[in-house]
file my_file-v9.tsv (TSV, C-alpha atoms)
chain	number	residue	atom	x	y	z
A	132	MET	CA	28.37	-49.92	-36.25
A	133	ILE	CA	30.18	-46.86	-34.85
A	134	CYS	CA	28.35	-43.67	-33.65
A	135	GLU	CA	29.43	-40.61	-35.63
A	136	ASN	CA	29.23	-38.39	-32.55
A	137	CYS	CA	30.75	-40.35	-29.65
A	138	GLY	CA	32.61	-43.12	-31.60
A	139	LYS	CA	31.11	-45.99	-29.62
A	140	GLU	CA	29.96	-49.20	-31.19
A	141	HIS	CA	26.17	-49.83	-31.31
A	142	ASN	CA	23.78	-52.23	-32.95
A	143	GLY	CA	22.28	-49.61	-35.34
A	144	ILE	CA	18.73	-49.88	-33.99
A	145	TYR	CA	18.27	-46.09	-33.42
A	146	ALA	CA	17.00	-44.14	-36.47
A	147	SER	CA	19.17	-44.58	-39.58
A	148	GLY	CA	21.99	-46.17	-37.63
A	149	ARG	CA	24.35	-43.19	-37.74
A	150	PHE	CA	24.00	-42.44	-34.00
A	151	CYS	CA	23.58	-44.57	-30.95
A	152	SER	CA	20.90	-42.38	-29.31
A	153	SER	CA	18.87	-39.18	-29.70
A	154	PHE	CA	21.33	-37.33	-27.44
A	155	CYS	CA	24.20	-37.95	-29.87
A	156	ALA	CA	22.03	-37.02	-32.84
A	157	HIS	CA	21.17	-33.58	-31.35
A	158	ALA	CA	24.71	-33.01	-30.14
A	159	TYR	CA	26.09	-33.66	-33.62
A	160	VAL	CA	23.70	-31.14	-35.24
A	161	THR	CA	24.57	-28.46	-32.67
A	162	LYS	CA	28.30	-29.02	-33.07
A	163	PHE	CA	28.23	-28.36	-36.80
A	164	ASP	CA	25.44	-25.69	-36.82
A	165	ASN	CA	26.52	-22.77	-39.03
A	166	SER	CA	23.34	-20.64	-38.63
A	167	LYS	CA	25.17	-18.20	-36.32
A	168	GLU	CA	27.74	-17.35	-38.91
A	169	GLN	CA	27.63	-13.71	-40.16
A	170	LYS	CA	28.37	-11.91	-43.37
A	171	ILE	CA	28.92	-8.29	-44.40
A	172	ALA	CA	26.05	-6.47	-46.09
A	173	LYS	CA	25.02	-2.86	-46.82
A	174	CYS	CA	22.00	-1.05	-45.39
A	175	ILE	CA	19.52	-0.50	-48.23
A	176	ASN	CA	18.58	2.96	-46.80
A	177	CYS	CA	21.84	4.63	-45.80
A	178	GLY	CA	24.43	2.29	-47.41
A	179	LYS	CA	26.24	1.62	-44.15
A	180	GLU	CA	28.11	-1.70	-43.90
A	181	ILE	CA	26.70	-3.99	-41.24
A	182	LEU	CA	27.09	-7.59	-40.06
A	183	VAL	CA	24.05	-9.76	-40.63
A	184	ASN	CA	23.22	-13.42	-40.33
A	185	LYS	CA	24.55	-15.63	-43.08
A	186	ARG	CA	21.04	-16.57	-44.17
A	187	THR	CA	19.64	-12.97	-44.30
A	188	ASP	CA	18.54	-11.54	-47.65
A	189	ILE	CA	20.89	-8.67	-48.50
A	190	LYS	CA	18.05	-6.84	-50.29
A	191	LYS	CA	16.23	-6.32	-46.96
A	192	CYS	CA	19.13	-5.46	-44.70
A	193	ARG	CA	18.80	-2.28	-42.56
A	194	CYS	CA	20.95	-0.88	-39.76
A	195	GLN	CA	19.52	-0.34	-36.26
A	196	GLU	CA	18.96	3.42	-36.77
A	197	CYS	CA	17.06	2.89	-40.00
A	198	LYS	CA	14.92	0.17	-38.40
A	199	LYS	CA	13.69	2.68	-35.75
A	200	ASN	CA	12.54	5.19	-38.39
A	201	TYR	CA	11.11	2.61	-40.73
A	202	ALA	CA	7.58	1.34	-40.56
A	203	SER	CA	5.39	-0.29	-43.14
A	204	PRO	CA	2.32	1.70	-44.30
A	205	SER	CA	0.03	-0.76	-42.51
A	206	LYS	CA	1.59	0.18	-39.15
A	207	ILE	CA	1.25	3.98	-39.49
A	208	ILE	CA	-1.92	5.05	-37.59
A	209	THR	CA	-3.65	8.46	-37.55
A	210	CYS	CA	-5.08	9.42	-34.12
A	211	LYS	CA	-8.82	10.07	-34.35
A	212	ILE	CA	-8.69	12.63	-31.51
A	213	CYS	CA	-5.71	14.89	-32.24
A	214	GLY	CA	-4.90	13.86	-35.85
A	215	ASN	CA	-1.24	13.03	-35.16
A	216	THR	CA	0.33	9.92	-36.74
A	217	TYR	CA	2.09	7.22	-34.75
A	218	ILE	CA	3.57	3.80	-35.42
A	219	LYS	CA	1.53	0.92	-34.10
A	220	ASN	CA	3.77	-0.95	-31.71
A	221	GLY	CA	2.08	-3.64	-29.66
A	222	ASN	CA	-0.58	-2.09	-27.38
A	223	GLY	CA	0.90	1.41	-27.60
A	224	GLY	CA	-1.22	4.27	-28.94
A	225	CYS	CA	-0.89	8.00	-29.51
A	226	LYS	CA	1.79	9.55	-27.32
A	227	ASN	CA	-0.25	12.73	-26.76
A	228	LYS	CA	-1.19	12.86	-23.04
A	229	PHE	CA	-4.59	14.39	-23.87
A	230	CYS	CA	-5.44	11.44	-26.13
A	231	GLN	CA	-4.29	8.94	-23.53
A	232	LYS	CA	-6.78	10.35	-20.96
A	233	HIS	CA	-9.80	10.45	-23.27
A	234	ASN	CA	-11.75	8.06	-25.43
A	235	ILE	CA	-13.16	8.89	-28.85
A	236	SER	CA	-16.59	7.55	-27.88
A	237	GLN	CA	-16.90	10.13	-25.07
A	238	PHE	CA	-16.81	13.00	-27.56
A	239	LYS	CA	-20.09	11.83	-29.15
A	240	THR	CA	-22.11	13.06	-26.14
A	241	LEU	CA	-20.30	16.42	-26.13
A	242	ILE	CA	-21.01	16.86	-29.83
A	243	LYS	CA	-24.68	15.85	-29.61
A	244	TYR	CA	-25.74	17.84	-26.52
A	245	PHE	CA	-23.14	20.34	-25.33
A	246	GLY	CA	-22.11	22.13	-28.55
A	247	PHE	CA	-18.71	20.57	-29.15
A	248	ASN	CA	-17.51	21.50	-32.65
A	249	GLU	CA	-17.19	18.21	-34.53
A	250	LYS	CA	-14.81	19.77	-37.06
A	251	LYS	CA	-12.21	20.26	-34.31
A	252	LEU	CA	-12.10	16.52	-33.63
A	253	GLY	CA	-9.10	14.92	-35.30
A	254	THR	CA	-7.14	18.19	-35.40
A	255	CYS	CA	-4.60	19.90	-33.17
A	256	GLU	CA	-7.36	22.27	-31.89
A	257	VAL	CA	-9.35	19.52	-30.19
A	258	GLU	CA	-7.88	20.27	-26.74
A	259	ASN	CA	-8.82	23.97	-26.92
A	260	GLU	CA	-12.37	23.05	-27.93
A	261	PHE	CA	-12.55	20.56	-25.07
A	262	ASN	CA	-11.46	23.23	-22.57
A	263	ARG	CA	-14.05	25.64	-23.98
A	264	ILE	CA	-16.89	23.21	-23.24
A	265	ARG	CA	-15.43	22.54	-19.81
A	266	LYS	CA	-15.35	26.28	-18.93
A	267	ILE	CA	-18.99	26.68	-20.00
A	268	LEU	CA	-20.26	23.87	-17.79
A	269	TYR	CA	-17.96	24.85	-14.91
A	270	LYS	CA	-19.29	28.41	-14.96
A	271	LEU	CA	-22.93	27.25	-15.02
A	272	TYR	CA	-22.37	24.81	-12.16
A	273	TRP	CA	-20.03	26.66	-9.78
A	274	GLU	CA	-20.44	30.37	-10.64
A	275	GLU	CA	-24.11	30.60	-11.67
A	276	ASN	CA	-25.03	27.86	-9.13
A	277	LEU	CA	-27.23	25.85	-11.49
A	278	SER	CA	-28.09	22.31	-10.45
A	279	SER	CA	-27.42	19.27	-12.62
A	280	SER	CA	-31.13	19.04	-13.51
A	281	GLN	CA	-31.18	22.70	-14.59
A	282	ILE	CA	-28.07	22.17	-16.72
A	283	GLY	CA	-29.69	19.08	-18.24
A	284	LYS	CA	-32.81	21.07	-19.19
A	285	LYS	CA	-30.67	23.86	-20.64
A	286	PHE	CA	-28.86	21.48	-22.99
A	287	LYS	CA	-31.85	19.11	-23.44
A	288	TYR	CA	-29.92	16.27	-21.81
A	289	LYS	CA	-32.49	13.97	-20.21
A	290	ASN	CA	-30.36	12.05	-17.71
A	291	SER	CA	-29.37	14.86	-15.30
A	292	HIS	CA	-27.93	12.36	-12.79
A	293	ASN	CA	-25.48	11.22	-15.46
A	294	ILE	CA	-24.13	14.77	-15.84
A	295	VAL	CA	-22.44	14.70	-12.44
A	296	GLN	CA	-21.56	11.01	-12.45
A	297	GLN	CA	-19.98	10.80	-15.90
A	298	ILE	CA	-19.93	14.08	-17.87
A	299	PHE	CA	-18.35	16.11	-15.05
A	300	LYS	CA	-15.96	13.30	-14.27
A	301	TYR	CA	-14.93	13.16	-17.93
A	302	LEU	CA	-14.48	16.95	-18.06
A	303	ASN	CA	-12.64	16.96	-14.73
A	304	ILE	CA	-15.22	19.24	-13.05
A	305	PRO	CA	-15.41	18.62	-9.28
A	306	PRO	CA	-18.98	17.84	-8.12
A	307	ARG	CA	-20.65	19.43	-5.10
A	308	THR	CA	-20.87	17.53	-1.85
A	309	VAL	CA	-24.33	16.68	-0.47
A	310	LYS	CA	-24.03	19.53	2.01
A	311	GLN	CA	-23.04	22.03	-0.68
A	312	SER	CA	-25.94	20.89	-2.86
A	313	VAL	CA	-28.47	21.43	-0.06
A	314	ILE	CA	-27.12	24.91	0.72
A	315	ASN	CA	-27.12	25.82	-2.99
A	316	THR	CA	-30.73	24.64	-3.33
A	317	TYR	CA	-31.90	26.93	-0.54
A	318	LEU	CA	-29.77	29.91	-1.60
A	319	THR	CA	-31.02	29.77	-5.20
A	320	ASN	CA	-34.60	29.08	-4.08
A	321	SER	CA	-34.79	26.13	-6.49
A	322	ARG	CA	-36.32	23.78	-3.94
A	323	GLU	CA	-39.73	22.47	-4.96
A	324	THR	CA	-42.20	22.27	-2.08
A	325	ILE	CA	-44.31	19.14	-2.36
A	326	LYS	CA	-48.00	19.59	-1.69
A	327	VAL	CA	-49.21	17.23	0.99
A	328	THR	CA	-52.43	16.77	2.87
A	329	PRO	CA	-52.61	19.41	5.64
A	330	GLY	CA	-51.92	17.91	9.06
A	331	TYR	CA	-51.52	19.04	12.63
A	332	LYS	CA	-48.00	20.42	12.18
A	333	ASP	CA	-47.81	21.57	8.57
A	334	GLY	CA	-49.94	22.23	5.53
A	335	TRP	CA	-50.95	24.65	2.79
A	336	HIS	CA	-52.72	27.90	3.61
A	337	THR	CA	-54.47	30.39	1.30
A	338	THR	CA	-53.88	34.00	2.28
A	339	TRP	CA	-56.41	36.83	2.15
A	340	ASN	CA	-55.11	37.83	-1.30
A	341	ASN	CA	-55.41	34.26	-2.70
A	342	LYS	CA	-51.74	33.32	-2.42
A	343	GLU	CA	-50.79	29.78	-1.41
A	344	VAL	CA	-48.14	29.48	1.28
A	345	TYR	CA	-46.79	26.44	3.10
A	346	LEU	CA	-46.82	26.66	6.91
A	347	ARG	CA	-44.81	24.26	9.02
A	348	SER	CA	-46.45	24.55	12.44
A	349	SER	CA	-49.67	25.52	14.16
A	350	TYR	CA	-47.81	28.57	15.55
A	351	GLU	CA	-47.20	29.82	12.01
A	352	LEU	CA	-50.83	29.13	11.07
A	353	ASP	CA	-52.11	31.21	13.99
A	354	TYR	CA	-49.89	34.15	13.07
A	355	ALA	CA	-50.81	33.90	9.38
A	356	LYS	CA	-54.50	34.15	10.31
A	357	GLU	CA	-53.81	37.34	12.28
A	358	LEU	CA	-52.06	38.87	9.27
A	359	ASP	CA	-54.97	37.84	7.05
A	360	LYS	CA	-57.41	39.61	9.36
A	361	GLN	CA	-55.38	42.82	9.10
A	362	LYS	CA	-54.97	42.29	5.31
A	363	ILE	CA	-51.21	42.64	5.45
A	364	ASN	CA	-49.26	41.44	2.44
A	365	TYR	CA	-46.63	38.86	3.51
A	366	ASP	CA	-44.38	36.14	2.10
A	367	VAL	CA	-43.42	32.81	3.64
A	368	GLU	CA	-39.89	31.34	3.33
A	369	ASN	CA	-38.98	33.40	0.27
A	370	LEU	CA	-35.72	34.91	1.59
A	371	ARG	CA	-32.36	33.14	1.61
A	372	ILE	CA	-29.78	34.77	3.88
A	373	LYS	CA	-26.27	33.46	4.38
A	374	TYR	CA	-25.08	33.63	8.00
A	375	TRP	CA	-22.21	32.40	10.15
A	376	ASP	CA	-23.07	29.56	12.54
A	377	SER	CA	-20.87	30.09	15.58
A	378	GLN	CA	-21.62	26.60	16.92
A	379	LYS	CA	-20.64	24.64	13.81
A	380	GLN	CA	-18.08	27.23	12.68
A	381	GLU	CA	-19.37	27.35	9.12
A	382	TYR	CA	-21.62	29.35	6.83
A	383	ARG	CA	-25.24	28.25	6.61
A	384	CYS	CA	-28.44	29.40	4.95
A	385	ALA	CA	-31.20	31.03	7.02
A	386	ILE	CA	-34.81	30.95	5.75
A	387	PRO	CA	-37.00	33.36	7.76
A	388	ASP	CA	-40.53	32.21	8.44
A	389	PHE	CA	-42.34	35.42	7.45
A	390	TYR	CA	-41.36	38.56	5.56
A	391	ILE	CA	-43.45	41.72	5.23
A	392	PRO	CA	-42.09	43.67	2.22
A	393	LYS	CA	-43.81	46.98	3.08
A	394	GLU	CA	-42.05	47.21	6.45
A	395	ASN	CA	-38.90	45.29	5.40
A	396	LEU	CA	-39.68	43.14	8.42
A	397	ILE	CA	-38.47	39.60	9.10
A	398	ILE	CA	-40.53	37.56	11.55
A	399	GLU	CA	-39.39	34.30	13.15
A	400	ILE	CA	-42.02	32.06	14.76
A	401	LYS	CA	-40.51	29.84	17.46
A	402	SER	CA	-41.67	27.59	20.25
A	403	SER	CA	-39.89	26.27	23.30
A	404	TRP	CA	-39.62	22.90	21.56
A	405	THR	CA	-37.58	24.07	18.60
A	406	THR	CA	-35.65	27.12	19.77
A	407	ASN	CA	-31.90	26.96	19.73
A	408	TYR	CA	-30.68	30.09	21.51
A	409	GLN	CA	-27.27	30.50	19.87
A	410	GLU	CA	-28.47	29.62	16.38
A	411	LEU	CA	-31.31	32.13	16.60
A	412	LYS	CA	-28.92	34.77	17.93
A	413	ASP	CA	-26.58	34.22	14.96
A	414	LYS	CA	-29.46	34.62	12.52
A	415	GLU	CA	-30.75	37.69	14.32
A	416	TYR	CA	-27.33	39.35	14.07
A	417	GLU	CA	-27.16	38.73	10.32
A	418	TYR	CA	-30.72	39.98	9.72
A	419	LYS	CA	-30.03	43.29	11.46
A	420	ASN	CA	-26.59	43.58	9.87
A	421	LYS	CA	-28.15	43.40	6.40
A	422	GLY	CA	-30.63	46.19	7.25
A	423	TYR	CA	-33.78	44.15	7.92
A	424	ASN	CA	-36.22	44.96	10.71
A	425	TYR	CA	-36.68	41.97	13.00
A	426	LYS	CA	-39.40	40.56	15.23
A	427	LEU	CA	-39.49	37.30	17.18
A	428	ILE	CA	-42.75	35.56	18.07
A	429	PHE	CA	-41.87	33.21	20.92
A	430	GLU	CA	-44.72	31.17	22.39
A	431	HIS	CA	-47.27	33.63	20.89
A	432	GLN	CA	-45.53	36.66	22.44
A	433	GLU	CA	-43.68	39.37	20.53
A	434	TYR	CA	-40.03	40.25	21.21
A	435	THR	CA	-37.41	42.36	19.45
A	436	SER	CA	-34.61	39.94	20.33
A	437	ILE	CA	-34.04	36.48	21.76
A	438	ASP	CA	-32.23	38.18	24.65
A	439	ASP	CA	-35.55	39.67	25.80
A	440	VAL	CA	-37.11	36.22	26.26
A	441	ASP	CA	-37.35	34.89	29.80
A	442	LEU	CA	-35.79	31.44	29.47
A	443	SER	CA	-36.10	30.54	33.13
A	444	LYS	CA	-38.82	28.02	32.30
A	445	TYR	CA	-36.62	26.37	29.71
A	446	ARG	CA	-33.22	24.80	29.98
A	447	ILE	CA	-30.66	23.87	27.31
A	448	ASN	CA	-28.36	20.92	27.92
A	449	ASP	CA	-24.70	20.60	26.95
A	450	ASN	CA	-25.57	19.07	23.57
A	451	LYS	CA	-27.65	22.12	22.57
A	452	VAL	CA	-30.90	20.15	22.80
A	453	ASN	CA	-34.01	21.82	24.17
A	454	ILE	CA	-35.51	20.47	27.38
A	455	ASN	CA	-39.07	21.41	28.30
A	456	ILE	CA	-39.67	20.74	31.98
A	457	ASN	CA	-43.31	21.84	32.07
A	458	ARG	CA	-44.90	19.22	29.85
A	459	ILE	CA	-46.61	16.38	31.70
A	460	TYR	CA	-47.19	12.97	30.13
A	461	GLU	CA	-49.80	10.81	31.81
A	462	GLN	CA	-49.86	7.17	30.81
A	463	LYS	CA	-53.07	5.20	30.35
A	464	ASP	CA	-51.60	2.17	32.09
A	465	GLY	CA	-51.50	3.84	35.52
A	466	TYR	CA	-47.95	5.28	35.34
A	467	LYS	CA	-46.63	8.82	35.39
A	468	TRP	CA	-43.38	10.36	34.34
A	469	ILE	CA	-41.35	12.04	37.06
A	470	TYR	CA	-38.00	13.80	36.96
A	471	LYS	CA	-35.30	15.03	39.31
A	472	ASP	CA	-32.27	17.01	38.08
A	473	ASN	CA	-31.37	15.29	34.76
A	474	ILE	CA	-32.98	11.95	35.64
A	475	GLN	CA	-36.42	10.89	34.52
A	476	LYS	CA	-38.39	7.71	34.99
A	477	ARG	CA	-41.91	6.29	35.22
A	478	CYS	CA	-43.56	5.41	38.50
A	479	ASN	CA	-46.87	3.96	39.57
A	480	LYS	CA	-49.56	6.52	40.38
A	481	LYS	CA	-50.02	4.89	43.79
A	482	ASP	CA	-46.43	5.74	44.76
A	483	ILE	CA	-46.43	9.28	43.39
A	484	ASP	CA	-46.77	10.91	46.83
A	485	ASN	CA	-43.69	9.15	48.15
A	486	TYR	CA	-41.59	10.41	45.23
A	487	LEU	CA	-42.89	13.96	45.62
A	488	ASN	CA	-41.78	13.98	49.24
A	489	GLU	CA	-38.29	12.97	48.12
A	490	GLY	CA	-37.99	15.97	45.81
A	491	TRP	CA	-39.19	14.45	42.54
A	492	LYS	CA	-41.48	16.47	40.26
A	493	ILE	CA	-44.27	15.37	37.96
A	494	GLY	CA	-43.36	15.69	34.29
A	495	ARG	CA	-40.83	14.59	31.76
A	496	LEU	CA	-37.59	15.92	30.30
A	497	CYS	CA	-38.78	16.11	26.70
A	498	TYR	CA	-35.87	16.07	24.21
A	499	LYS	CA	-36.51	17.32	20.74
A	500	LYS	CA	-33.44	17.33	18.54
A	501	ARG	CA	-32.92	20.33	16.31
A	502	LEU	CA	-32.96	19.34	12.63
call {"tool": "encode", "arguments": {"input": "my_file-v9.tsv", "output": "C-alpha cells"}}
result
Amino acid sequence: MICENCGKEHNGIYASGRFCSSFCAHAYVTKFDNSKEQKIAKCINCGKEILVNKRTDIKKCRCQECKKNYASPSKIITCKICGNTYIKNGNGGCKNKFCQKHNISQFKTLIKYFGFNEKKLGTCEVENEFNRIRKILYKLYWEENLSSSQIGKKFKYKNSHNIVQQIFKYLNIPPRTVKQSVINTYLTNSRETIKVTPGYKDGWHTTWNNKEVYLRSSYELDYAKELDKQKINYDVENLRIKYWDSQKQEYRCAIPDFYIPKENLIIEIKSSWTTNYQELKDKEYEYKNKGYNYKLIFEHQEYTSIDDVDLSKYRINDNKVNININRIYEQKDGYKWIYKDNIQKRCNKKDIDNYLNEGWKIGRLCYKKRL
C-alpha cells in the first residue's frame, strides 16, 4: 500500500491503511485545512463590509468598532456605590476612582452609627455625602480635641478602639500619635484619676470643705494640711497650661500642683529629688506670662522663683538628672556607700576611715530620673 502523504509503500498496519504513520496523517490534514479561508460579510449593526472566517455565521458578524460598544444585557452591571453602569470584563469593575477605593460593606457602619444618608448610596451624590461625614468626624477629633472614646459615646458606637483603627483609616483621617494623645488628654482634662489605696508617696485627701483631691507626694500632703488649717479654698491639678520646653524644643503641657482661685495663685511643690531647673524655669515663665501669680515651695521653703533657691547643696549632671549628695545609705550587711567626684562605691565599715583620709565622703550619688 502507498501512503497518501509521503508516497512510500507500507504494510497498511497503521489506522485505516491510508497513511504509514501518525505524523503523515496529521501532516495531510494540515496541508488541506481550509478553516483559515475568509469570506466577505456585512456588519449587522453598521452594514460595513468585513472579512470573516469562512465558517462564521453571517447573521452574527460585527466589525471591531461595533464589538467594543456591544455588550449583552447580562454583562451590563450597575455600580452599587455610585450608580454608574459598566460592562463586566474579567475582574474589572467600576472605573470611578472613588468606587475603586471603597467597599460597599464599609458604608453599612457609616449608615448605622454616623448618620450617612442611605438614599445617597447608589447615586452620583455618594462622594459628597461621604466627605460630609468625614468633615464631621475630622472636626470632632482634630479641632474639638475629642478622644476616640468620646466620639464613640457621642455616636453610640461601642468599640471606640475600632474608630481609629478602621473607621478613621477608611475615611482617610490621620490618627494622633501616642505623644499627641497624651498631651490632648491633659489639655482637655479628660484624664480619669484612678482611686488607689493611699501610700507613702501618693493618695487621696479630703479638704476642709469636703472636696477630694489626689496628692502625689508627702510634700503636697503637708502643704494641703496647712491650707486646710487656714480654710483656704484650693484646687489640685485642675489647670492645663501649654508651655515651650527649651530642652526638648517642643510644646508640652504643664499641670500646676496647687491653684488658689481667690488670689489667682499657682503653687508648685518640689523637692530636691524631682526638680529639673530648666523645666521649672520654662513653666514659671509661662505662668507669669499668662498673668498668674506664682509661688514655689522647695523643700518646705517658700520662694518667688527657682532662681532664688540656693542650689549649692544640689548638683545637676549633663543628662539633666538630679543628684542628691546629702543622702546617706547605710547597709545592714556592714557596708557603706561612699563617693568622690562622680564615682560611688560600697566599702566595708572597717575601712571607712582609710577612705575618708583619701578624700572620699560618706553618702551616695542618688539618681532619680525625671518622668
call {"tool": "atom_distance", "arguments": {"input": "my_file-v9.tsv", "atom1": "atom CA of A:Glu368", "atom2": "atom CA of A:Ile391"}}
result
11.1 Å
call {"tool": "residues_around", "arguments": {"input": "my_file-v9.tsv", "residues": "A:Phe229", "least_positions_apart": "4", "cutoff": "9 Å", "atoms": "all atoms listed in the file", "output": "ChimeraX atom specification"}}
result
/A:212-213,233,258
call {"tool": "closest_residue", "arguments": {"input": "my_file-v9.tsv", "among": "A:Ile133, A:Ile397, A:Leu277, A:Ala355", "to": "A:Glu343", "atoms": "all atoms listed in the file"}}
result
A:Ala355
call {"tool": "residues_around", "arguments": {"input": "my_file-v9.tsv", "residues": "stretch 295-301 of chain A", "least_positions_apart": "4", "cutoff": "9 Å", "atoms": "all atoms listed in the file", "output": "PDB file with C-alpha atoms, in the coordinates of the input"}}
result
ATOM      1  CA  HIS A 233      -9.800  10.450 -23.270  1.00  0.00           C
ATOM      2  CA  GLN A 237     -16.900  10.130 -25.070  1.00  0.00           C
ATOM      3  CA  THR A 240     -22.110  13.060 -26.140  1.00  0.00           C
ATOM      4  CA  LEU A 241     -20.300  16.420 -26.130  1.00  0.00           C
ATOM      5  CA  ARG A 265     -15.430  22.540 -19.810  1.00  0.00           C
ATOM      6  CA  LEU A 268     -20.260  23.870 -17.790  1.00  0.00           C
ATOM      7  CA  TYR A 269     -17.960  24.850 -14.910  1.00  0.00           C
ATOM      8  CA  SER A 279     -27.420  19.270 -12.620  1.00  0.00           C
ATOM      9  CA  SER A 291     -29.370  14.860 -15.300  1.00  0.00           C
ATOM     10  CA  PRO A 305     -15.410  18.620  -9.280  1.00  0.00           C
ATOM     11  CA  PRO A 306     -18.980  17.840  -8.120  1.00  0.00           C
ATOM     12  CA  ARG A 307     -20.650  19.430  -5.100  1.00  0.00           C
TER      13      ARG A 307
END
call {"tool": "atom_distance", "arguments": {"input": "my_file-v9.tsv", "atom1": "atom CA of A:Trp491", "atom2": "atom CA of A:Lys471"}}
result
5.1 Å
call {"tool": "closest_residue", "arguments": {"input": "my_file-v9.tsv", "among": "A:Gly214, A:Gly422, A:Gly246, A:Gly494", "to": "A:Lys287", "atoms": "all atoms listed in the file"}}
result
A:Gly246
call {"tool": "atom_distance", "arguments": {"input": "my_file-v9.tsv", "atom1": "atom CA of A:Tyr423", "atom2": "atom CA of A:Ile437"}}
result
15.8 Å
call {"tool": "axis_aligned_box", "arguments": {"input": "my_file-v9.tsv", "around": "stretch 353-372 of chain A", "padding_each_side": "4 Å", "output": "AutoDock Vina command-line options"}}
result
--center_x -43.6 --center_y 37.0 --center_z 7.1 --size_x 35.6 --size_y 19.6 --size_z 21.7
call {"tool": "closest_residue", "arguments": {"input": "my_file-v9.tsv", "among": "A:Phe238, A:Glu381, A:Lys179, A:Ile304", "to": "A:Lys266", "atoms": "all atoms listed in the file"}}
result
A:Ile304
call {"tool": "decode", "arguments": {"input": "my_file-v9.tsv", "residues": "stretch 361-378 of chain A", "atoms": "N, CA and C atoms", "output": "short mmCIF file (atom, residue, chain, number, x, y, z; two decimals), in the first residue's frame"}}
result
data_model
loop_
_atom_site.label_atom_id
_atom_site.label_comp_id
_atom_site.auth_asym_id
_atom_site.auth_seq_id
_atom_site.Cartn_x
_atom_site.Cartn_y
_atom_site.Cartn_z
N GLN A 361 -5.95 76.91 107.49
CA GLN A 361 -6.31 78.30 107.25
C GLN A 361 -7.65 78.43 106.51
N LYS A 362 -8.25 77.29 106.15
CA LYS A 362 -9.54 77.25 105.44
C LYS A 362 -9.50 78.08 104.15
N ILE A 363 -8.47 77.79 103.36
CA ILE A 363 -8.30 78.44 102.07
C ILE A 363 -8.83 77.50 100.99
N ASN A 364 -9.64 78.02 100.11
CA ASN A 364 -10.17 77.22 99.02
C ASN A 364 -9.09 77.02 97.95
N TYR A 365 -8.82 75.77 97.56
CA TYR A 365 -7.75 75.49 96.59
C TYR A 365 -8.14 74.31 95.72
N ASP A 366 -7.53 74.25 94.54
CA ASP A 366 -7.71 73.14 93.60
C ASP A 366 -6.37 72.45 93.37
N VAL A 367 -6.43 71.19 93.01
CA VAL A 367 -5.21 70.40 92.77
C VAL A 367 -5.25 69.86 91.35
N GLU A 368 -4.22 70.21 90.57
CA GLU A 368 -4.04 69.71 89.19
C GLU A 368 -5.29 69.92 88.33
N ASN A 369 -5.87 71.10 88.40
CA ASN A 369 -7.04 71.38 87.57
C ASN A 369 -6.71 72.28 86.38
N LEU A 370 -5.53 72.91 86.37
CA LEU A 370 -5.14 73.77 85.25
C LEU A 370 -4.32 73.00 84.24
N ARG A 371 -4.46 73.36 82.98
CA ARG A 371 -3.66 72.80 81.90
C ARG A 371 -3.08 73.97 81.10
N ILE A 372 -1.77 74.16 81.19
CA ILE A 372 -1.13 75.31 80.57
C ILE A 372 -0.08 74.83 79.59
N LYS A 373 -0.19 75.29 78.36
CA LYS A 373 0.76 74.91 77.31
C LYS A 373 2.00 75.80 77.42
N TYR A 374 3.18 75.17 77.41
CA TYR A 374 4.42 75.93 77.53
C TYR A 374 5.48 75.34 76.59
N TRP A 375 6.51 76.15 76.34
CA TRP A 375 7.59 75.74 75.46
C TRP A 375 8.74 75.15 76.28
N ASP A 376 9.07 73.88 76.01
CA ASP A 376 10.18 73.21 76.68
C ASP A 376 11.46 73.51 75.90
N SER A 377 12.32 74.31 76.50
CA SER A 377 13.55 74.72 75.81
C SER A 377 14.57 73.58 75.71
N GLN A 378 14.42 72.56 76.53
CA GLN A 378 15.34 71.42 76.46
C GLN A 378 14.98 70.48 75.32
#
